[in-house]
$ cat run.txt   # compact mmCIF, C-alpha atoms
# COMPACT_ATOMS: atom_id res chain seq x y z
CA MET V 1 0.00 0.00 0.00
CA ALA V 2 1.41 3.38 -0.99
CA THR V 3 0.81 6.57 0.93
CA MET V 4 0.28 9.82 -0.93
CA ALA V 5 0.93 13.29 0.46
CA THR V 6 -2.11 15.39 1.23
CA SER V 7 -2.75 18.49 -0.83
CA SER V 8 -4.62 21.77 -0.51
CA GLN V 9 -6.87 20.89 -3.45
CA ARG V 10 -10.60 21.16 -2.81
CA TRP V 11 -12.38 17.84 -3.28
CA PRO V 12 -15.96 17.24 -4.44
CA GLY V 13 -17.12 16.06 -1.01
CA GLN V 14 -16.18 19.32 0.67
CA ARG V 15 -19.02 21.79 1.23
CA ASP V 16 -19.02 24.93 3.32
CA GLU V 17 -22.75 24.86 4.12
CA SER V 18 -24.11 23.33 7.29
CA PHE V 19 -27.64 22.19 8.08
CA PRO V 20 -27.97 21.78 11.87
CA GLU V 21 -31.74 22.31 11.82
CA VAL V 22 -32.15 19.21 9.62
CA PHE V 23 -30.48 16.93 12.16
CA ASN V 24 -30.79 18.40 15.65
CA ILE V 25 -33.77 18.74 17.96
CA GLN V 26 -35.37 21.31 15.64
CA ALA V 27 -36.03 18.45 13.20
CA MET V 28 -37.94 16.34 15.73
CA PRO V 29 -41.53 15.86 14.50
CA PRO V 30 -44.47 16.26 16.91
CA GLN V 31 -44.73 13.12 19.00
CA PRO V 32 -47.90 11.15 19.72
CA ALA V 33 -49.24 11.09 23.24
CA GLN V 34 -48.38 7.97 25.18
CA GLY V 35 -51.82 6.48 24.66
CA ASP V 36 -51.73 7.13 20.92
CA ARG V 37 -48.41 5.46 20.17
CA LYS V 38 -48.38 2.73 17.54
CA PRO V 39 -46.74 -0.66 18.21
CA GLY V 40 -43.00 -0.28 18.63
CA GLN V 41 -43.01 3.50 18.94
CA LEU V 42 -40.59 4.99 21.42
CA PRO V 43 -41.13 7.17 24.47
CA GLU V 44 -40.38 10.80 23.74
CA ASP V 45 -37.15 10.81 25.75
CA MET V 46 -35.65 8.17 23.44
CA VAL V 47 -36.70 10.12 20.34
CA ARG V 48 -35.19 13.24 21.88
CA HIS V 49 -31.97 11.32 22.56
CA PHE V 50 -31.80 10.45 18.84
CA PHE V 51 -31.95 14.11 17.87
CA ASP V 52 -29.80 15.42 20.74
CA LYS V 53 -27.09 12.77 20.59
CA GLY V 54 -27.43 11.44 17.03
CA TYR V 55 -28.18 7.87 18.01
CA VAL V 56 -30.34 5.67 20.20
CA VAL V 57 -30.04 2.01 21.21
CA ILE V 58 -33.24 -0.03 21.60
CA ASP V 59 -32.25 -3.18 23.46
CA SER V 60 -35.32 -5.25 22.70
CA PHE V 61 -37.26 -4.50 19.55
CA PHE V 62 -37.59 -7.21 16.91
CA ASP V 63 -39.42 -10.47 17.11
CA LYS V 64 -36.40 -12.79 17.19
CA ALA V 65 -38.16 -15.18 14.81
CA LYS V 66 -37.73 -12.53 12.10
CA LEU V 67 -34.03 -12.30 12.82
CA ASP V 68 -33.73 -16.09 13.00
CA ALA V 69 -35.14 -16.15 9.45
CA CYS V 70 -32.34 -13.77 8.40
CA ARG V 71 -29.80 -16.16 9.88
CA GLU V 72 -31.32 -18.98 7.84
CA SER V 73 -31.12 -16.90 4.67
CA ILE V 74 -27.49 -16.07 5.37
CA ALA V 75 -26.72 -19.74 5.93
CA GLN V 76 -28.12 -20.45 2.45
CA MET V 77 -26.14 -17.56 0.94
CA VAL V 78 -22.93 -18.88 2.50
CA ASP V 79 -23.75 -22.35 1.19
CA ASP V 80 -24.17 -20.91 -2.32
CA LEU V 81 -20.85 -19.08 -2.00
CA ALA V 82 -19.09 -22.22 -0.76
CA GLN V 83 -20.38 -24.15 -3.77
CA LEU V 84 -19.25 -21.38 -6.13
CA LEU V 85 -15.75 -21.36 -4.67
CA TYR V 86 -15.56 -25.15 -4.62
CA ASP V 87 -16.73 -25.50 -8.22
CA GLY V 88 -14.17 -22.91 -9.29
CA GLY V 89 -11.35 -24.72 -7.58
CA LYS V 90 -10.83 -21.88 -5.10
CA VAL V 91 -11.41 -24.01 -2.01
CA LYS V 92 -10.96 -27.73 -1.42
CA ASN V 93 -13.69 -28.18 1.17
CA LEU V 94 -17.31 -27.06 1.46
CA TYR V 95 -17.14 -26.94 5.29
CA LYS V 96 -20.75 -28.05 5.60
CA GLU V 97 -20.16 -29.15 9.16
CA TYR V 98 -19.80 -25.54 10.33
CA GLY V 99 -22.62 -23.22 11.29
CA VAL V 100 -23.50 -19.71 10.21
CA PHE V 101 -21.10 -18.11 12.71
CA GLN V 102 -18.03 -20.11 11.62
CA ARG V 103 -18.39 -21.40 8.05
CA LEU V 104 -17.48 -18.22 6.16
CA SER V 105 -14.30 -17.92 8.26
CA LYS V 106 -13.23 -21.37 7.05
CA LEU V 107 -13.82 -20.35 3.44
CA GLU V 108 -11.96 -17.10 4.05
CA ALA V 109 -8.92 -18.99 5.33
CA GLU V 110 -8.67 -20.84 2.00
CA PHE V 111 -9.79 -18.00 -0.25
CA PRO V 112 -8.97 -14.57 1.24
CA GLY V 113 -11.69 -12.22 0.15
CA ALA V 114 -14.55 -14.70 0.53
CA ASN V 115 -16.19 -12.26 2.92
CA ILE V 116 -15.91 -9.52 0.26
CA LEU V 117 -17.70 -11.75 -2.25
CA MET V 118 -20.39 -12.21 0.39
CA MET V 119 -20.80 -8.46 0.84
CA LYS V 120 -20.98 -7.90 -2.92
CA GLN V 121 -23.97 -10.18 -3.40
CA ASN V 122 -27.08 -8.41 -4.64
CA ASN V 123 -29.28 -11.03 -3.03
CA PHE V 124 -31.95 -9.46 -0.82
CA PRO V 125 -34.08 -12.34 0.46
CA GLN V 126 -37.59 -12.09 1.78
CA SER V 127 -36.36 -12.36 5.36
CA PHE V 128 -34.34 -9.13 4.93
CA ARG V 129 -37.32 -7.40 3.35
CA ASP V 130 -39.51 -8.42 6.28
CA VAL V 131 -37.11 -6.70 8.68
CA TRP V 132 -36.63 -3.57 6.53
CA ALA V 133 -40.38 -3.04 6.17
CA ASP V 134 -41.37 -4.33 9.61
CA PRO V 135 -44.42 -2.27 10.63
CA LYS V 136 -42.87 -1.61 14.03
CA ILE V 137 -39.71 -0.07 12.58
CA LEU V 138 -41.74 1.99 10.13
CA ASN V 139 -43.77 3.23 13.09
CA VAL V 140 -40.54 4.38 14.72
CA CYS V 141 -39.44 6.03 11.48
CA GLU V 142 -42.68 8.01 11.56
CA GLN V 143 -41.49 9.46 14.88
CA LEU V 144 -38.13 10.43 13.34
CA ILE V 145 -38.91 11.54 9.78
CA GLY V 146 -42.70 11.64 9.43
CA PRO V 147 -45.43 9.45 7.93
CA ASP V 148 -44.22 9.21 4.29
CA ILE V 149 -41.23 6.90 4.22
CA LYS V 150 -38.87 5.54 1.58
CA GLY V 151 -36.24 2.88 2.05
CA HIS V 152 -32.88 4.24 0.92
CA PRO V 153 -31.25 2.10 -1.81
CA VAL V 154 -27.99 1.62 0.11
CA TRP V 155 -28.23 -1.43 2.33
CA ASN V 156 -25.46 -3.73 3.54
CA LEU V 157 -25.04 -7.21 4.90
CA ARG V 158 -22.00 -7.10 7.17
CA CYS V 159 -20.04 -10.31 7.67
CA LYS V 160 -17.43 -9.35 10.24
CA THR V 161 -15.15 -12.36 10.25
CA PRO V 162 -12.73 -12.54 13.18
CA GLN V 163 -9.24 -11.03 12.95
CA ASN V 164 -9.95 -9.55 9.50
CA GLU V 165 -8.78 -6.04 8.62
CA ASN V 166 -11.33 -5.79 5.78
CA THR V 167 -14.14 -5.88 8.32
CA VAL V 168 -12.87 -3.12 10.60
CA VAL V 169 -14.56 0.14 9.55
CA PRO V 170 -12.77 3.38 10.54
CA TRP V 171 -14.37 6.60 11.74
CA HIS V 172 -16.67 8.14 9.13
CA GLN V 173 -20.00 9.86 8.60
CA ASP V 174 -22.39 7.95 6.34
CA ALA V 175 -23.02 11.12 4.34
CA GLY V 176 -19.36 10.94 3.36
CA TYR V 177 -20.23 7.92 1.21
CA MET V 178 -23.35 9.44 -0.35
CA ASP V 179 -23.63 12.19 -2.94
CA ASN V 180 -23.65 15.72 -1.60
CA ARG V 181 -27.43 16.06 -1.67
CA SER V 182 -27.56 13.82 1.38
CA TYR V 183 -25.79 16.52 3.44
CA GLU V 184 -29.11 18.30 3.88
CA VAL V 185 -31.44 15.30 4.20
CA LEU V 186 -31.92 13.31 7.40
CA GLN V 187 -31.44 9.61 6.79
CA VAL V 188 -32.04 7.06 9.52
CA THR V 189 -29.85 3.97 9.60
CA GLY V 190 -30.83 0.89 11.54
CA TRP V 191 -27.87 -1.27 12.52
CA ILE V 192 -29.26 -4.70 13.35
CA PRO V 193 -26.85 -7.33 14.69
CA LEU V 194 -27.78 -10.98 14.22
CA LEU V 195 -26.27 -12.02 17.53
CA ASP V 196 -25.38 -10.16 20.72
CA ALA V 197 -23.06 -7.38 19.51
CA THR V 198 -20.29 -6.71 22.04
CA ARG V 199 -16.94 -4.96 22.21
CA GLU V 200 -15.27 -8.35 21.75
CA ASN V 201 -16.98 -9.15 18.44
CA GLY V 202 -16.65 -5.64 17.06
CA CYS V 203 -19.74 -3.63 17.90
CA MET V 204 -20.18 0.01 16.92
CA GLU V 205 -18.88 3.17 18.54
CA VAL V 206 -20.40 6.60 17.88
CA VAL V 207 -19.26 10.14 18.61
CA SER V 208 -22.23 11.49 20.52
CA GLY V 209 -23.32 14.93 19.31
CA GLY V 210 -21.07 14.84 16.26
CA HIS V 211 -24.06 15.70 14.08
CA LEU V 212 -25.09 18.89 15.84
CA LYS V 213 -23.24 21.30 13.57
CA GLY V 214 -25.09 19.78 10.61
CA LYS V 215 -21.86 19.45 8.69
CA VAL V 216 -19.87 16.77 6.89
CA ALA V 217 -16.19 16.90 7.82
CA THR V 218 -13.39 16.28 5.33
CA HIS V 219 -12.74 12.58 4.83
CA THR V 220 -9.89 10.86 2.99
CA CYS V 221 -9.58 7.58 1.12
CA CYS V 222 -8.87 4.75 1.58
CA TRP V 223 -8.19 2.96 4.85
CA ARG V 224 -5.40 0.38 4.67
CA ASP V 225 -6.17 -2.32 2.09
CA THR V 226 -9.87 -1.47 1.93
CA TRP V 227 -12.40 0.67 0.10
CA TYR V 228 -13.42 2.56 3.27
CA ILE V 229 -13.13 6.32 3.58
CA MET V 230 -11.80 7.64 6.88
CA LEU V 231 -12.25 10.60 9.16
CA ASP V 232 -9.32 11.83 11.23
CA GLU V 233 -9.97 12.45 14.93
CA GLU V 234 -8.34 15.88 14.80
CA GLU V 235 -10.58 16.81 11.87
CA MET V 236 -13.64 15.73 13.87
CA THR V 237 -12.56 17.81 16.83
CA ARG V 238 -11.83 20.87 14.70
CA THR V 239 -14.82 20.75 12.32
CA LEU V 240 -17.54 19.04 14.36
CA GLY V 241 -16.65 20.43 17.79
CA VAL V 242 -16.55 17.06 19.56
CA ASP V 243 -14.44 15.91 22.49
CA MET V 244 -12.96 12.53 21.61
CA GLU V 245 -12.18 11.86 25.27
CA LYS V 246 -15.79 12.30 26.41
CA ASP V 247 -18.09 11.86 23.42
CA VAL V 248 -17.13 8.39 22.14
CA LYS V 249 -19.85 5.94 23.17
CA LEU V 250 -19.75 2.15 22.91
CA CYS V 251 -22.99 0.73 21.46
CA GLN V 252 -23.42 -2.87 22.52
CA VAL V 253 -26.69 -4.21 21.15
CA PRO V 254 -28.29 -7.50 22.21
CA TYR V 255 -29.84 -9.90 19.71
CA GLY V 256 -33.29 -8.54 18.94
CA GLY V 257 -32.20 -4.94 19.44
CA ILE V 258 -31.31 -2.15 17.04
CA LEU V 259 -29.02 0.87 16.97
CA LEU V 260 -30.50 3.89 15.16
CA ILE V 261 -28.16 6.61 13.93
CA ASN V 262 -28.41 9.55 11.56
CA ASN V 263 -26.20 10.06 8.52
CA LEU V 264 -24.02 12.78 10.09
CA ILE V 265 -22.96 11.18 13.36
CA PRO V 266 -19.37 9.85 13.18
CA HIS V 267 -19.13 6.16 13.93
CA ARG V 268 -16.91 3.13 13.43
CA SER V 269 -16.88 -0.60 14.08
CA LEU V 270 -14.27 -2.24 16.27
CA PRO V 271 -12.12 -5.30 15.46
CA ASN V 272 -13.73 -8.68 15.96
CA VAL V 273 -11.46 -10.53 18.39
CA SER V 274 -14.00 -13.26 19.18
CA ASN V 275 -14.25 -16.67 17.56
CA ASP V 276 -17.56 -16.04 15.81
CA ILE V 277 -18.61 -13.98 12.80
CA ARG V 278 -20.55 -10.86 13.73
CA TRP V 279 -23.33 -10.71 11.13
CA SER V 280 -25.42 -7.55 10.91
CA LEU V 281 -27.71 -5.63 8.59
CA ASP V 282 -27.51 -1.92 7.72
CA LEU V 283 -30.91 -0.65 6.56
CA ARG V 284 -31.85 2.97 5.86
CA TRP V 285 -34.96 5.14 5.64
CA GLN V 286 -35.67 8.76 4.68
CA ARG V 287 -38.62 11.04 3.95
CA ALA V 288 -40.38 10.10 0.72
CA ASP V 289 -40.29 13.69 -0.52
CA LYS V 290 -36.51 13.85 0.08
CA ASP V 291 -35.53 10.86 -2.01
CA VAL V 292 -31.92 11.63 -2.90
CA GLY V 293 -31.21 8.02 -3.79
CA PHE V 294 -27.59 7.12 -4.45
CA TYR V 295 -25.76 9.18 -7.11
CA ASP V 296 -28.81 8.77 -9.35
CA VAL V 297 -27.83 5.10 -9.55
CA LYS V 298 -30.95 3.79 -7.90
CA PRO V 299 -34.00 5.44 -6.34
CA GLY V 300 -35.44 4.59 -2.97
CA ILE V 301 -38.43 2.34 -2.42
CA LEU V 302 -41.71 3.67 -1.06
CA MET V 303 -42.63 1.87 2.15
CA ARG V 304 -45.34 4.01 3.73
CA SER V 305 -47.61 6.76 2.42
CA ARG V 306 -50.47 8.72 3.96
CA ASP V 307 -52.10 8.83 0.52
CA GLN V 308 -51.83 5.08 0.03
CA PRO V 309 -52.89 3.38 3.26
CA ASP V 310 -53.00 -0.01 1.50
CA LEU V 311 -49.61 0.44 -0.18
CA GLN V 312 -48.00 -2.75 -1.46
CA ILE V 313 -44.21 -2.34 -1.55
CA ASP V 314 -42.92 -2.76 -5.11
CA TRP V 315 -39.97 -5.03 -4.39
CA GLU V 316 -39.80 -6.34 -7.95
CA THR V 317 -39.08 -2.95 -9.50
CA PHE V 318 -36.63 -2.04 -6.76
CA MET V 319 -34.63 -5.26 -7.12
CA SER V 320 -34.60 -5.06 -10.92
CA VAL V 321 -32.15 -2.15 -10.83
CA SER V 322 -28.57 -3.21 -10.16
CA ARG V 323 -26.70 -0.63 -8.14
CA ALA V 324 -23.39 -2.34 -8.96
CA GLU V 325 -23.76 -2.05 -12.74
CA ARG V 326 -24.36 1.71 -12.65
CA GLU V 327 -21.54 2.20 -10.16
CA LYS V 328 -19.15 0.73 -12.71
CA GLU V 329 -20.07 3.52 -15.11
CA LEU V 330 -19.57 6.20 -12.47
CA THR V 331 -16.18 4.95 -11.31
CA GLY V 332 -14.79 3.98 -14.72
CA ASN V 333 -13.11 0.91 -13.27
CA GLU V 334 -12.13 -2.01 -15.41
CA VAL V 335 -14.26 -4.98 -14.48
CA GLN V 336 -13.17 -8.55 -15.01
CA LYS V 337 -15.02 -10.46 -17.69
CA GLY V 338 -15.95 -14.11 -17.95
CA ASP V 339 -15.99 -16.76 -15.25
CA GLU V 340 -13.27 -15.17 -13.13
CA SER V 341 -15.46 -12.10 -12.55
CA ARG V 342 -17.41 -14.24 -10.09
CA TYR V 343 -14.33 -14.29 -7.86
CA ASN V 344 -13.44 -10.60 -8.15
CA THR V 345 -12.80 -9.25 -4.63
CA LEU V 346 -12.34 -5.62 -5.65
CA ILE V 347 -14.77 -3.00 -4.37
CA VAL V 348 -14.85 0.36 -6.13
CA GLY V 349 -17.55 2.98 -5.67
CA PRO V 350 -18.31 6.63 -6.42
CA TRP V 351 -17.62 7.65 -2.82
CA MET V 352 -13.90 7.10 -3.52
CA LYS V 353 -13.99 9.98 -6.01
CA LYS V 354 -15.38 12.47 -3.50
CA TRP V 355 -12.26 12.60 -1.33
CA GLU V 356 -8.52 12.88 -1.61
CA ILE V 357 -6.86 9.49 -2.01
CA VAL V 358 -4.06 9.49 0.54
CA HIS V 359 -3.58 5.72 0.68
CA THR V 360 -3.50 3.69 -2.52
CA ASN V 361 -4.25 -0.01 -2.69
CA ARG V 362 -5.68 -2.53 -5.12
CA HIS V 363 -9.17 -1.04 -4.77
CA THR V 364 -8.14 2.54 -5.49
CA ASP V 365 -5.91 1.31 -8.33
CA ALA V 366 -9.07 0.11 -10.10
CA LEU V 367 -10.27 3.71 -10.52
CA THR V 368 -9.52 4.88 -14.06
CA ASN V 369 -11.16 8.33 -14.13
CA GLU V 370 -10.29 11.53 -12.32
CA PRO V 371 -12.64 12.50 -9.46
CA THR V 372 -15.86 13.92 -10.88
CA ILE V 373 -18.46 13.08 -8.24
CA GLY V 374 -20.16 15.97 -6.44
$ encode --input "run.txt" --output "structure tokens"
Amino acid sequence: MATMATSSQRWPGQRDESFPEVFNIQAMPPQPAQGDRKPGQLPEDMVRHFFDKGYVVIDSFFDKAKLDACRESIAQMVDDLAQLLYDGGKVKNLYKEYGVFQRLSKLEAEFPGANILMMKQNNFPQSFRDVWADPKILNVCEQLIGPDIKGHPVWNLRCKTPQNENTVVPWHQDAGYMDNRSYEVLQVTGWIPLLDATRENGCMEVVSGGHLKGKVATHTCCWRDTWYIMLDEEEMTRTLGVDMEKDVKLCQVPYGGILLINNLIPHRSLPNVSNDIRWSLDLRWQRADKDVGFYDVKPGILMRSRDQPDLQIDWETFMSVSRAEREKELTGNEVQKGDESRYNTLIVGPWMKKWEIVHTNRHTDALTNEPTIG
């Protein structure tokens, strides 16, 4: 990995404007009285915590049967990946005897990057959809963004295999990955672990109050041998006005719980030093009338509307658009052709072109165009 000197050049992700009123307590919608709350809706102090601090942990929220179904889907996805790698001669064993929290690690040991192939899958099974559009979570979203809700097209299945640098995510703001329109639109991310998420297996940390200035700090790219952008602690202190000694909060979330954050709060995930894979889902929601999508690659999906009380979510249309294919056009990267493309462990995305590249690696080397994303 080469390191490049920083420059004074202004990069597309940098904007002088700030939008505190979009993210702080001024943005909090009127809350229902206690007796009028819908199933799953939060007491007002928890909603206020979300707007004051930028995050809130709900320890017990989902019916665990719904999350168990996600585990089953993941087990099938890992089985499909194992068969793909075995048929291609990339691994010598299918490791069928291992469960969902160990099997991918065994594949990874034989084929480094197996976890990246897992993250690149465009498979969004029914079990994931049932969690994303769970009426209870949409009820909570009504408390945070109002009654007309779209699912944001960026979702992630995280497979945090133990002792793996590619699964350690450095400090960043989610808006740093999105196009600049997202800087003035509140997006709610639900981080949903599929086991008890602890410090040991690499749970999340947030910088409480880091959203209050309503500003995206200057990130750089890319962290170590990954595709992740990064946010320096000194830059956070200077631009966002946080105290890294006092404001960093550990967010351990039990199975069945959820961590809700906004798209401006700095956060990271810690190393997984346990023996098990820490699976989790990142799912996002925003106001339907503020659908900024993702670099015009893919629009959001309408999940709730006051004008359509019997709305049926149009999953077919949403899934028919491949985010990955359009991203290739935006990044200009050369993509492998033929059978070997199925084993391509490179990740390249338009977010890399928003920020100065200070560390080069195999992912950044795949970019063939100059930064043009704004």
$ atom_distance --input "run.txt" --atom1 "CA of Gln102 in chain V" --atom2 "CA of Val348 in chain V"
27.3 Å
$ residues_around --input "run.txt" --residues "range 51-59 of chain V" --least-positions-apart "2" --cutoff "9 Å" --atoms "all atoms listed in the file" --output "count of residues only"
35
$ axis_aligned_box --input "run.txt" --around "range 182-199 of chain V" --padding-each-side "5 Å" --output "lines of an AutoDock Vina configuration file"
center_x = -24.5
center_y = 3.1
center_z = 11.8
size_x = 25.1
size_y = 40.3
size_z = 30.8
$ closest_atom_pairs --input "run.txt" --of "range 106-149 of chain V" --to "range 89-98 of chain V" --cutoff "10 Å" --atoms "all atoms listed in the file" --output "tab-separated table"
residue	atom	partner	partner_atom	distance
V:Lys106	CA	V:Tyr95	CA	7.0
V:Leu107	CA	V:Val91	CA	7.0
V:Glu108	CA	V:Val91	CA	9.2
V:Ala109	CA	V:Val91	CA	9.2
V:Glu110	CA	V:Val91	CA	5.8
V:Phe111	CA	V:Lys90	CA	6.3
V:Pro112	CA	V:Lys90	CA	9.9
V:Ala114	CA	V:Lys90	CA	9.9
$ closest_residue --input "run.txt" --among "V:Ser73, V:Leu138, V:Gly88, V:Ile149" --to "Asn123 in chain V" --atoms "all atoms listed in the file"
V:Ser73
$ closest_residue --input "run.txt" --among "V:Arg268, V:Arg15, V:Arg103, V:Lys64" --to "Gln76 in chain V" --atoms "all atoms listed in the file"
V:Arg103
$ closest_atom_pairs --input "run.txt" --of "range 146-228 of chain V" --to "range 309-313 of chain V" --cutoff "12 Å" --atoms "all atoms listed in the file" --output "JSON lines"
{"residue": "V:Pro147", "atom": "CA", "partner": "V:Pro309", "partner_atom": "CA", "distance": 10.7}
{"residue": "V:Asp148", "atom": "CA", "partner": "V:Pro309", "partner_atom": "CA", "distance": 10.5}
{"residue": "V:Ile149", "atom": "CA", "partner": "V:Ile313", "partner_atom": "CA", "distance": 11.3}
{"residue": "V:Lys150", "atom": "CA", "partner": "V:Ile313", "partner_atom": "CA", "distance": 10.0}
{"residue": "V:Gly151", "atom": "CA", "partner": "V:Ile313", "partner_atom": "CA", "distance": 10.2}
$ write_last_selection --input "run.txt" --atoms "C-alpha atoms" --output "short mmCIF file (atom, residue, chain, number, x, y, z; two decimals), keeping the file's coordinate frame"
data_model
loop_
_atom_site.label_atom_id
_atom_site.label_comp_id
_atom_site.auth_asym_id
_atom_site.auth_seq_id
_atom_site.Cartn_x
_atom_site.Cartn_y
_atom_site.Cartn_z
CA PRO V 147 -45.43 9.45 7.93
CA ASP V 148 -44.22 9.21 4.29
CA ILE V 149 -41.23 6.90 4.22
CA LYS V 150 -38.87 5.54 1.58
CA GLY V 151 -36.24 2.88 2.05
#
$ residues_around --input "run.txt" --residues "Asp276 in chain V" --least-positions-apart "6" --cutoff "9 Å" --atoms "all atoms listed in the file" --output "PyMOL selection string"
chain V and resi 100-102+105+160-162+201
$ atom_distance --input "run.txt" --atom1 "CA of Ser60 in chain V" --atom2 "CA of Leu194 in chain V"
12.7 Å
$ closest_residue --input "run.txt" --among "V:Trp132, V:Tyr86, V:Tyr295, V:Trp279" --to "Leu195 in chain V" --atoms "all atoms listed in the file"
V:Trp279
$ residues_around --input "run.txt" --residues "range 168-180 of chain V" --least-positions-apart "5" --cutoff "7 Å" --atoms "only C-alpha atoms" --output "PyMOL selection string"
chain V and resi 13+216+219+228-231+263-271+294-295+351+374
$ atom_distance --input "run.txt" --atom1 "CA of Gly241 in chain V" --atom2 "CA of Glu200 in chain V"
29.1 Å
$ closest_residue --input "run.txt" --among "V:Val273, V:Met352, V:Met204, V:Cys141" --to "Val188 in chain V" --atoms "only C-alpha atoms"
V:Cys141
